[in-house]
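Engineer: Structure: protein-v9.txt, compact mmCIF, C-alpha atoms.
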# COMPACT_ATOMS: atom_id res chain seq x y z
CA VAL A 342 0.00 0.00 0.00
CA GLU A 343 1.46 3.32 -1.08
CA ASP A 344 1.74 6.30 1.24
CA LEU A 345 -0.65 9.20 0.81
CA VAL A 346 0.78 12.36 -0.75
CA VAL A 347 -0.39 15.39 1.22
CA ALA A 348 1.23 18.75 0.50
CA PHE A 349 0.64 22.47 0.26
CA SER A 350 1.23 23.93 -3.20
CA THR A 351 3.69 26.53 -1.85
CA GLY A 352 6.28 26.60 0.92
CA ASP A 353 7.20 28.99 3.73
CA ARG A 354 6.80 32.66 2.90
CA THR A 355 6.21 36.18 4.22
CA LEU A 356 3.03 38.15 3.54
CA SER A 357 1.78 41.61 4.36
CA THR A 358 -0.95 41.80 6.99
CA ASN A 359 -2.89 43.70 4.27
CA ASP A 360 -3.03 40.56 2.10
CA ALA A 361 -5.21 37.47 2.30
CA LEU A 362 -3.43 34.19 3.00
CA VAL A 363 -4.33 31.33 0.66
CA LEU A 364 -3.10 27.81 1.41
CA ASP A 365 -3.87 25.27 -1.31
CA ALA A 366 -3.58 21.53 -0.71
CA SER A 367 -5.59 20.44 -3.73
CA GLY A 368 -2.58 18.60 -5.17
CA SER A 369 -2.84 15.97 -2.42
CA TYR A 370 -3.75 12.48 -3.60
CA ASP A 371 -3.61 8.73 -3.04
CA PRO A 372 -1.07 7.27 -5.52
CA GLY A 373 -2.68 3.83 -5.23
CA ASP A 374 -6.17 5.18 -5.89
CA PRO A 375 -5.89 8.59 -7.58
CA ASP A 376 -9.59 8.56 -8.61
CA ASP A 377 -10.73 7.84 -5.03
CA THR A 378 -12.76 4.84 -6.11
CA THR A 379 -12.32 3.24 -2.67
CA GLY A 380 -13.16 6.40 -0.74
CA ALA A 381 -12.30 10.05 -0.53
CA LEU A 382 -9.08 11.55 0.78
CA VAL A 383 -10.20 13.71 3.71
CA LEU A 384 -8.16 16.86 4.41
CA GLU A 385 -8.18 18.77 7.68
CA PHE A 386 -6.42 22.07 8.42
CA SER A 387 -5.04 23.00 11.82
CA SER A 388 -2.73 25.53 13.43
CA PRO A 389 -1.03 25.77 16.83
CA SER A 390 -0.68 29.51 16.22
CA THR A 391 -4.27 30.64 15.62
CA VAL A 392 -7.86 29.44 15.70
CA ILE A 393 -9.07 28.40 12.25
CA ASP A 394 -12.55 29.64 11.34
CA SER A 395 -14.54 27.00 9.45
CA ALA A 396 -15.62 29.76 7.05
CA TRP A 397 -12.00 29.97 5.84
CA VAL A 398 -12.04 26.38 4.57
CA ASN A 399 -13.34 25.47 1.13
CA GLY A 400 -12.50 21.87 0.30
CA ALA A 401 -8.73 21.64 -0.09
CA THR A 402 -8.15 25.40 0.25
CA LEU A 403 -7.78 27.56 3.35
CA THR A 404 -8.23 31.33 2.86
CA VAL A 405 -7.57 33.70 5.74
CA PRO A 406 -9.04 37.14 4.94
CA ALA A 407 -6.78 40.18 4.71
CA ARG A 408 -6.08 42.05 7.96
CA THR A 409 -7.15 39.03 10.03
CA LEU A 410 -3.73 37.89 11.25
CA ALA A 411 -1.52 40.28 13.22
CA ALA A 412 2.19 40.57 12.47
CA GLY A 413 4.01 37.45 13.61
CA GLU A 414 4.87 33.87 12.67
CA TYR A 415 2.20 31.26 12.10
CA GLU A 416 2.38 27.52 11.42
CA PHE A 417 -0.35 25.73 9.51
CA GLU A 418 -0.76 22.00 8.96
CA VAL A 419 -2.88 19.96 6.58
CA ARG A 420 -3.51 16.30 7.41
CA GLY A 421 -5.00 13.82 4.98
CA THR A 422 -6.62 10.54 6.01
CA LYS A 423 -7.97 7.64 4.01
CA GLY A 424 -8.53 3.98 4.82
CA GLY A 425 -6.58 4.03 8.07
CA ARG A 426 -3.63 5.84 6.50
CA SER A 427 -2.59 9.42 7.14
CA ALA A 428 0.00 11.95 6.01
CA SER A 429 0.57 15.62 6.65
CA ASP A 430 2.41 18.72 5.54
CA SER A 431 3.13 21.99 7.31
CA VAL A 432 4.08 25.51 6.31
CA THR A 433 5.35 28.54 8.22
CA ILE A 434 3.85 31.91 7.31
CA THR A 435 5.30 35.19 8.56
CA MET A 436 2.91 38.13 8.56
CA ALA A 437 4.56 41.56 8.42
CA GLU A 438 3.31 45.12 8.57
CA GLY A 439 3.56 47.29 5.48
CA ASP A 440 3.24 46.81 1.76
CA LEU A 441 5.08 43.73 0.47
CA PRO A 442 5.09 41.83 -2.81
CA VAL A 443 3.75 38.29 -2.62
CA VAL A 444 6.49 35.74 -3.39
CA THR A 445 5.87 32.02 -3.82
CA ILE A 446 7.76 28.92 -4.94
CA ASP A 447 5.68 26.27 -6.65
CA SER A 448 5.98 22.94 -4.87
CA SER A 449 3.59 20.94 -7.04
CA PHE A 450 5.94 18.03 -7.57
CA ASP A 451 6.45 14.69 -5.85
CA VAL A 452 7.11 14.83 -2.11
CA LYS A 453 10.65 13.64 -2.80
CA VAL A 454 12.66 14.30 -5.96
CA SER A 455 15.35 12.25 -7.64
CA ALA A 456 18.93 13.37 -6.99
CA SER A 457 19.91 11.93 -10.38
CA LYS A 458 17.77 14.40 -12.34
CA SER A 459 17.87 18.18 -12.66
CA LEU A 460 15.53 20.03 -10.28
CA THR A 461 13.36 22.83 -11.65
CA LEU A 462 11.83 25.30 -9.20
CA ARG A 463 9.34 27.91 -10.40
CA GLY A 464 9.03 31.21 -8.57
CA LYS A 465 6.45 33.95 -8.76
CA ALA A 466 6.21 37.48 -7.42
CA ALA A 467 3.35 39.95 -7.73
CA TRP A 468 1.66 42.83 -5.95
CA SER A 469 -1.62 41.69 -4.43
CA ASP A 470 -3.42 44.75 -5.85
CA GLY A 471 -2.18 43.98 -9.38
CA ARG A 472 -0.46 47.35 -9.77
CA THR A 473 1.29 48.01 -13.06
CA GLY A 474 3.12 50.84 -14.76
CA ARG A 475 6.66 51.75 -15.77
CA GLY A 476 8.91 49.67 -13.59
CA VAL A 477 6.04 48.72 -11.28
CA GLY A 478 5.33 45.03 -11.03
CA ARG A 479 8.72 44.19 -12.52
CA PHE A 480 10.84 42.12 -10.21
CA SER A 481 14.47 41.18 -9.89
CA TYR A 482 15.04 37.69 -8.54
CA LEU A 483 17.80 36.02 -6.56
CA TRP A 484 17.84 32.35 -5.56
CA SER A 485 19.88 30.81 -2.76
CA CYS A 486 20.16 27.48 -0.99
CA ASP A 487 21.20 26.88 2.60
CA GLU A 488 23.10 23.70 1.73
CA ILE A 489 24.46 24.42 -1.78
CA ASP A 490 26.64 27.19 -3.19
CA LEU A 491 24.58 28.05 -6.27
CA ASP A 492 27.42 30.23 -7.58
CA LYS A 493 29.56 27.13 -7.99
CA ASP A 494 30.37 26.31 -11.62
CA GLY A 495 27.81 23.89 -13.00
CA ALA A 496 25.44 24.17 -10.04
CA THR A 497 22.67 25.73 -12.12
CA ARG A 498 21.61 25.92 -15.72
CA GLY A 499 20.05 28.64 -17.87
CA THR A 500 19.69 31.98 -16.07
CA GLY A 501 21.40 30.70 -12.94
CA ARG A 502 20.42 32.35 -9.66
CA THR A 503 18.87 35.48 -11.13
CA GLY A 504 15.93 34.13 -13.10
CA GLN A 505 12.33 33.80 -11.99
CA ASN A 506 12.82 30.03 -12.23
CA ILE A 507 15.90 27.99 -11.44
CA VAL A 508 17.23 24.68 -12.75
CA VAL A 509 19.60 22.93 -10.34
CA ASP A 510 22.07 20.46 -11.83
CA PRO A 511 21.91 16.94 -10.35
CA SER A 512 25.68 17.01 -9.78
CA VAL A 513 25.15 19.12 -6.64
CA LEU A 514 22.29 17.04 -5.20
CA SER A 515 22.91 14.04 -2.95
CA PRO A 516 20.55 11.08 -2.43
CA GLY A 517 18.74 11.30 0.88
CA GLY A 518 19.53 15.01 1.23
CA VAL A 519 17.28 17.84 2.41
CA TYR A 520 17.69 21.24 0.77
CA THR A 521 16.15 24.61 1.65
CA PHE A 522 15.82 26.86 -1.38
CA ARG A 523 15.01 30.55 -1.00
CA LEU A 524 13.75 33.07 -3.57
CA GLU A 525 14.13 36.80 -2.97
CA ALA A 526 12.19 39.20 -5.17
CA THR A 527 12.61 42.98 -5.27
CA SER A 528 10.50 45.68 -6.92
CA GLY A 529 10.36 49.41 -6.32
CA GLY A 530 12.58 49.18 -3.25
CA SER A 531 10.42 46.52 -1.57
CA THR A 532 11.83 43.03 -1.04
CA ASN A 533 10.22 39.81 0.09
CA GLN A 534 11.17 36.15 0.00
CA ALA A 535 9.80 32.61 0.10
CA ALA A 536 11.43 29.31 1.03
CA LEU A 537 10.86 25.69 0.08
CA VAL A 538 12.31 22.50 1.60
CA VAL A 539 13.12 19.85 -1.00
CA PRO A 540 14.07 16.30 0.09
CA THR A 541 15.67 13.87 -2.35
CA ASN A 542 15.08 10.14 -2.58
CA VAL A 543 17.50 7.71 -0.98
CA ALA A 544 19.60 5.83 -3.53
CA PRO A 545 18.86 2.11 -4.06
CA TRP A 546 20.93 -0.25 -1.97
CA ALA A 547 22.16 -3.81 -2.45
CA GLY A 548 19.82 -6.67 -1.70
CA SER A 549 18.88 -10.18 -2.74
CA LEU A 550 15.99 -11.77 -4.54
CA THR A 551 14.92 -15.37 -4.17
CA VAL A 552 12.53 -16.95 -6.64
CA PHE A 553 10.67 -20.14 -5.78
CA PRO A 554 9.08 -22.33 -8.45
Kindly present the structure from the file in structure tokens form.
Structural biologist:
Amino acid sequence: VEDLVVAFSTGDRTLSTNDALVLDASGSYDPGDPDDTTGALVLEFSSPSTVIDSAWVNGATLTVPARTLAAGEYEFEVRGTKGGRSASDSVTITMAEGDLPVVTIDSSFDVKVSASKSLTLRGKAAWSDGRTGRGVGRFSYLWSCDEIDLDKDGATRGTGRTGQNIVVDPSVLSPGGVYTFRLEATSGGSTNQAALVVPTNVAPWAGSLTVFP
């Protein structure tokens, strides 16, 4: 029986208290029964940091209205259950005063990635009010990783650390590793960042196989 895959679509990030917080776990699924023919995957949101209003929950999405959370750090968890199995994911959200761009890193991939393949992370930054104009809404990006020097030759491909998206070469990833990637976005003198933890699969190990007639 395969483990359930339960995950938020984005990782840790900082938001302005003027913005609504949207946590989406709709990408969660049962790999052994993706169509839920044997029963539905039930998701439940919780937080040790604040009381969750049932009105904020709509299926697999939790939306906290703007100006509801005071400045501070909040942890949210989503737990999925099905057929006696369970899995969970958590995210840390920092609410800050003032006007900040919204920065996210897409985490809609498998819970663990292969260290033998290149890793593509997609970032996004925008003003919540959709403002536009000369130079407004245009962002400069800078990626970093707590465990990897992304300036190292061959560590990244394409635009390197300064693109909206980043492609990490498998040569710098180790099987069974855990990597924290951060994306900083700046526009009009305002800077914000998001973070995402990416674990890699453990490499296969030696074993034996016995076949009986």
Engineer: My list of candidates is A:Thr404, A:Asn542, A:Ser387, A:Ser455. Which is closest to A:Gly517 when distances are computed with only C-alpha atoms?
Structural biologist: A:Asn542
Engineer: What is the distance, in Å and to one decimal place, between atom CA of A:Val419 and atom CA of A:Tyr370?
Structural biologist: 12.7 Å
Engineer: Find the residue from A:Pro442, A:Pro372, A:Gly380, A:Gly352 that sits nearest to A:Phe480; use only C-alpha atoms when measuring.
Structural biologist: A:Pro442
Engineer: Could you tell me how far atom CA of A:Arg479 lies from atom CA of A:Thr521, in Å and to one decimal?
Structural biologist: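 Pair atom CA of A:Arg479 / atom CA of A:Thr521 returns 25.3 Å.
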Engineer: Name the residues in contact with A:Asp374 at a cut-off of 12 Å, using only C-alpha atoms, excluding same-chain residues fewer than 2 positions from it; report them as a list in words.
Structural biologist: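 Within the cut-off, the hits are Val342, Glu343, Asp344, Leu345, Val346, Ser369, Tyr370, Asp371, Pro372, Asp376, Asp377, Thr378, Thr379, Gly380, Ala381, Leu382, Lys423 and Gly424 of chain A.
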Engineer: When you look at A:Val443 with a cut-off of 9 Å (counting only C-alpha atoms), what residues show up, excluding the ones that are within fewer than 2 positions of it in the same chain? I need them as a count of residues only.
Structural biologist: 16
Engineer: Hey, can you check how far atom CA of A:Thr500 sits from atom CA of A:Ala456?
Structural biologist: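 Between atom CA of A:Thr500 and atom CA of A:Ala456 the gap works out to 20.7 Å.
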Engineer: Which is closer to A:Arg463 than all the others in A:Thr527, A:Ser350, A:Thr391, A:Arg408, using only C-alpha atoms?
Structural biologist: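 Answer, going by the shortest atom-to-atom distance: A:Ser350.
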Engineer: Name the closest residue to A:Asp490 among the candidates A:Asp394, A:Gly464, A:Phe522, A:Ala536; distances are taken between atoms, counting all atoms listed in the file.
Structural biologist: A:Phe522
Engineer: So, with all atoms listed in the file as the atoms that count, which of A:Leu462, A:Ala361, A:Gly373, A:Val444 lies closest to A:Arg426?
Structural biologist: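 Selected residue with least distance to A:Arg426: A:Gly373.
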Engineer: Go through A:Leu514, A:Val519, A:Leu364, A:Ala411 one by one, measure the shortest atom-to-atom distance of each to A:Val539 using all atoms listed in the file, and give the residue with the smallest value.
Structural biologist: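 Nearest to A:Val539: A:Val519.
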Engineer: As a list in words, please: the residues near A:Thr503 (cut-off 8 Å, only C-alpha atoms, same-chain neighbours under 3 positions excluded).
Structural biologist: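 Using only C-alpha atoms, the neighbours found are Ser481, Tyr482, Leu483, Trp484 and Thr500 of chain A.
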Engineer: Give me, as a PDB file with C-alpha atoms, in the coordinates of the input, all polymer residues having an atom no more than 10 Å from A:Phe417, counting all atoms listed in the file and skipping those fewer than 5 positions away in the same chain.
Structural biologist:
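Dumped to around22.pdb:
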ATOM      1  CA  PHE A 349       0.640  22.470   0.260  1.00  0.00           C
ATOM      2  CA  LEU A 364      -3.100  27.810   1.410  1.00  0.00           C
ATOM      3  CA  PHE A 386      -6.420  22.070   8.420  1.00  0.00           C
ATOM      4  CA  SER A 387      -5.040  23.000  11.820  1.00  0.00           C
ATOM      5  CA  SER A 388      -2.730  25.530  13.430  1.00  0.00           C
ATOM      6  CA  PRO A 389      -1.030  25.770  16.830  1.00  0.00           C
ATOM      7  CA  SER A 390      -0.680  29.510  16.220  1.00  0.00           C
ATOM      8  CA  THR A 391      -4.270  30.640  15.620  1.00  0.00           C
ATOM      9  CA  ILE A 393      -9.070  28.400  12.250  1.00  0.00           C
ATOM     10  CA  LEU A 403      -7.780  27.560   3.350  1.00  0.00           C
ATOM     11  CA  ASP A 430       2.410  18.720   5.540  1.00  0.00           C
ATOM     12  CA  SER A 431       3.130  21.990   7.310  1.00  0.00           C
ATOM     13  CA  VAL A 432       4.080  25.510   6.310  1.00  0.00           C
ATOM     14  CA  THR A 433       5.350  28.540   8.220  1.00  0.00           C
ATOM     15  CA  ILE A 434       3.850  31.910   7.310  1.00  0.00           C
TER      16      ILE A 434
END
Engineer: May I have the residues within 8 Å of A:Arg420 as a VMD selection string, using all atoms listed in the file and disregarding those fewer than 5 positions away in the same chain?
Structural biologist: chain A and resid 347 384 to 386 427 to 430
Engineer: What would the file look like if the residues just selected were written as a compact mmCIF listing (two decimals), keeping the file's coordinate frame with C-alpha atoms?
Structural biologist:
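Listed below is the output, part_7.txt:
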# COMPACT_ATOMS: atom_id res chain seq x y z
CA VAL A 347 -0.39 15.39 1.22
CA LEU A 384 -8.16 16.86 4.41
CA GLU A 385 -8.18 18.77 7.68
CA PHE A 386 -6.42 22.07 8.42
CA SER A 427 -2.59 9.42 7.14
CA ALA A 428 0.00 11.95 6.01
CA SER A 429 0.57 15.62 6.65
CA ASP A 430 2.41 18.72 5.54
Engineer: Box time for stretch 397-400 of chain A: axis-aligned, enclosing all its listed atoms, 3 Å extra on each side; report centre and edge lengths in Å to one decimal, as lines of an AutoDock Vina configuration file.
Structural biologist:
center_x = -12.7
center_y = 25.9
center_z = 3.1
size_x = 7.3
size_y = 14.1
size_z = 11.5
Engineer: Please output stretch 409-437 of chain A, rebuilt to include N, CA and C atoms, as a PDB file, in the frame of the given file.
Structural biologist:
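So rebuild_13.pdb came out as:
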ATOM      1  N   THR A 409      -6.652  39.903   8.963  1.00  0.00           N
ATOM      2  CA  THR A 409      -7.150  39.030  10.030  1.00  0.00           C
ATOM      3  C   THR A 409      -6.038  38.641  10.985  1.00  0.00           C
ATOM      4  N   LEU A 410      -4.870  38.320  10.447  1.00  0.00           N
ATOM      5  CA  LEU A 410      -3.730  37.890  11.250  1.00  0.00           C
ATOM      6  C   LEU A 410      -2.832  39.087  11.564  1.00  0.00           C
ATOM      7  N   ALA A 411      -2.461  39.228  12.824  1.00  0.00           N
ATOM      8  CA  ALA A 411      -1.520  40.280  13.220  1.00  0.00           C
ATOM      9  C   ALA A 411      -0.109  39.898  12.784  1.00  0.00           C
ATOM     10  N   ALA A 412       0.791  40.851  12.821  1.00  0.00           N
ATOM     11  CA  ALA A 412       2.190  40.570  12.470  1.00  0.00           C
ATOM     12  C   ALA A 412       2.736  39.495  13.405  1.00  0.00           C
ATOM     13  N   GLY A 413       3.457  38.544  12.824  1.00  0.00           N
ATOM     14  CA  GLY A 413       4.010  37.450  13.610  1.00  0.00           C
ATOM     15  C   GLY A 413       4.191  36.217  12.750  1.00  0.00           C
ATOM     16  N   GLU A 414       4.610  35.125  13.380  1.00  0.00           N
ATOM     17  CA  GLU A 414       4.870  33.870  12.670  1.00  0.00           C
ATOM     18  C   GLU A 414       3.780  32.865  12.994  1.00  0.00           C
ATOM     19  N   TYR A 415       3.291  32.202  11.954  1.00  0.00           N
ATOM     20  CA  TYR A 415       2.200  31.260  12.100  1.00  0.00           C
ATOM     21  C   TYR A 415       2.551  29.942  11.403  1.00  0.00           C
ATOM     22  N   GLU A 416       2.190  28.838  12.040  1.00  0.00           N
ATOM     23  CA  GLU A 416       2.380  27.520  11.420  1.00  0.00           C
ATOM     24  C   GLU A 416       1.011  26.923  11.125  1.00  0.00           C
ATOM     25  N   PHE A 417       0.890  26.389   9.914  1.00  0.00           N
ATOM     26  CA  PHE A 417      -0.350  25.730   9.510  1.00  0.00           C
ATOM     27  C   PHE A 417      -0.026  24.312   9.056  1.00  0.00           C
ATOM     28  N   GLU A 418      -0.945  23.402   9.343  1.00  0.00           N
ATOM     29  CA  GLU A 418      -0.760  22.000   8.960  1.00  0.00           C
ATOM     30  C   GLU A 418      -1.995  21.510   8.218  1.00  0.00           C
ATOM     31  N   VAL A 419      -1.784  20.668   7.226  1.00  0.00           N
ATOM     32  CA  VAL A 419      -2.880  19.960   6.580  1.00  0.00           C
ATOM     33  C   VAL A 419      -2.622  18.467   6.752  1.00  0.00           C
ATOM     34  N   ARG A 420      -3.629  17.749   7.211  1.00  0.00           N
ATOM     35  CA  ARG A 420      -3.510  16.300   7.410  1.00  0.00           C
ATOM     36  C   ARG A 420      -4.566  15.600   6.549  1.00  0.00           C
ATOM     37  N   GLY A 421      -4.097  14.600   5.819  1.00  0.00           N
ATOM     38  CA  GLY A 421      -5.000  13.820   4.980  1.00  0.00           C
ATOM     39  C   GLY A 421      -5.146  12.421   5.535  1.00  0.00           C
ATOM     40  N   THR A 422      -6.364  11.896   5.531  1.00  0.00           N
ATOM     41  CA  THR A 422      -6.620  10.540   6.010  1.00  0.00           C
ATOM     42  C   THR A 422      -7.475   9.789   4.995  1.00  0.00           C
ATOM     43  N   LYS A 423      -7.196   8.491   4.906  1.00  0.00           N
ATOM     44  CA  LYS A 423      -7.970   7.640   4.010  1.00  0.00           C
ATOM     45  C   LYS A 423      -7.660   6.186   4.343  1.00  0.00           C
ATOM     46  N   GLY A 424      -8.704   5.408   4.609  1.00  0.00           N
ATOM     47  CA  GLY A 424      -8.530   3.980   4.820  1.00  0.00           C
ATOM     48  C   GLY A 424      -7.538   3.608   5.885  1.00  0.00           C
ATOM     49  N   GLY A 425      -7.510   4.346   6.992  1.00  0.00           N
ATOM     50  CA  GLY A 425      -6.580   4.030   8.070  1.00  0.00           C
ATOM     51  C   GLY A 425      -5.186   4.591   7.883  1.00  0.00           C
ATOM     52  N   ARG A 426      -4.921   5.212   6.751  1.00  0.00           N
ATOM     53  CA  ARG A 426      -3.630   5.840   6.500  1.00  0.00           C
ATOM     54  C   ARG A 426      -3.725   7.344   6.710  1.00  0.00           C
ATOM     55  N   SER A 427      -2.602   7.976   6.987  1.00  0.00           N
ATOM     56  CA  SER A 427      -2.590   9.420   7.140  1.00  0.00           C
ATOM     57  C   SER A 427      -1.231   9.981   6.740  1.00  0.00           C
ATOM     58  N   ALA A 428      -1.223  11.222   6.352  1.00  0.00           N
ATOM     59  CA  ALA A 428       0.000  11.950   6.010  1.00  0.00           C
ATOM     60  C   ALA A 428      -0.275  13.427   6.225  1.00  0.00           C
ATOM     61  N   SER A 429       0.774  14.206   6.380  1.00  0.00           N
ATOM     62  CA  SER A 429       0.570  15.620   6.650  1.00  0.00           C
ATOM     63  C   SER A 429       1.679  16.463   6.045  1.00  0.00           C
ATOM     64  N   ASP A 430       1.415  17.751   5.995  1.00  0.00           N
ATOM     65  CA  ASP A 430       2.410  18.720   5.540  1.00  0.00           C
ATOM     66  C   ASP A 430       2.195  19.981   6.370  1.00  0.00           C
ATOM     67  N   SER A 431       3.245  20.751   6.550  1.00  0.00           N
ATOM     68  CA  SER A 431       3.130  21.990   7.310  1.00  0.00           C
ATOM     69  C   SER A 431       3.853  23.115   6.591  1.00  0.00           C
ATOM     70  N   VAL A 432       3.475  24.339   6.922  1.00  0.00           N
ATOM     71  CA  VAL A 432       4.080  25.510   6.310  1.00  0.00           C
ATOM     72  C   VAL A 432       4.137  26.614   7.356  1.00  0.00           C
ATOM     73  N   THR A 433       5.197  27.411   7.304  1.00  0.00           N
ATOM     74  CA  THR A 433       5.350  28.540   8.220  1.00  0.00           C
ATOM     75  C   THR A 433       5.122  29.841   7.458  1.00  0.00           C
ATOM     76  N   ILE A 434       4.189  30.636   7.939  1.00  0.00           N
ATOM     77  CA  ILE A 434       3.850  31.910   7.310  1.00  0.00           C
ATOM     78  C   ILE A 434       4.206  33.043   8.259  1.00  0.00           C
ATOM     79  N   THR A 435       4.974  34.003   7.772  1.00  0.00           N
ATOM     80  CA  THR A 435       5.300  35.190   8.560  1.00  0.00           C
ATOM     81  C   THR A 435       4.486  36.363   8.044  1.00  0.00           C
ATOM     82  N   MET A 436       3.700  36.962   8.913  1.00  0.00           N
ATOM     83  CA  MET A 436       2.910  38.130   8.560  1.00  0.00           C
ATOM     84  C   MET A 436       3.666  39.377   9.015  1.00  0.00           C
ATOM     85  N   ALA A 437       3.801  40.348   8.125  1.00  0.00           N
ATOM     86  CA  ALA A 437       4.560  41.560   8.420  1.00  0.00           C
ATOM     87  C   ALA A 437       3.749  42.795   8.086  1.00  0.00           C
TER      88      ALA A 437
END
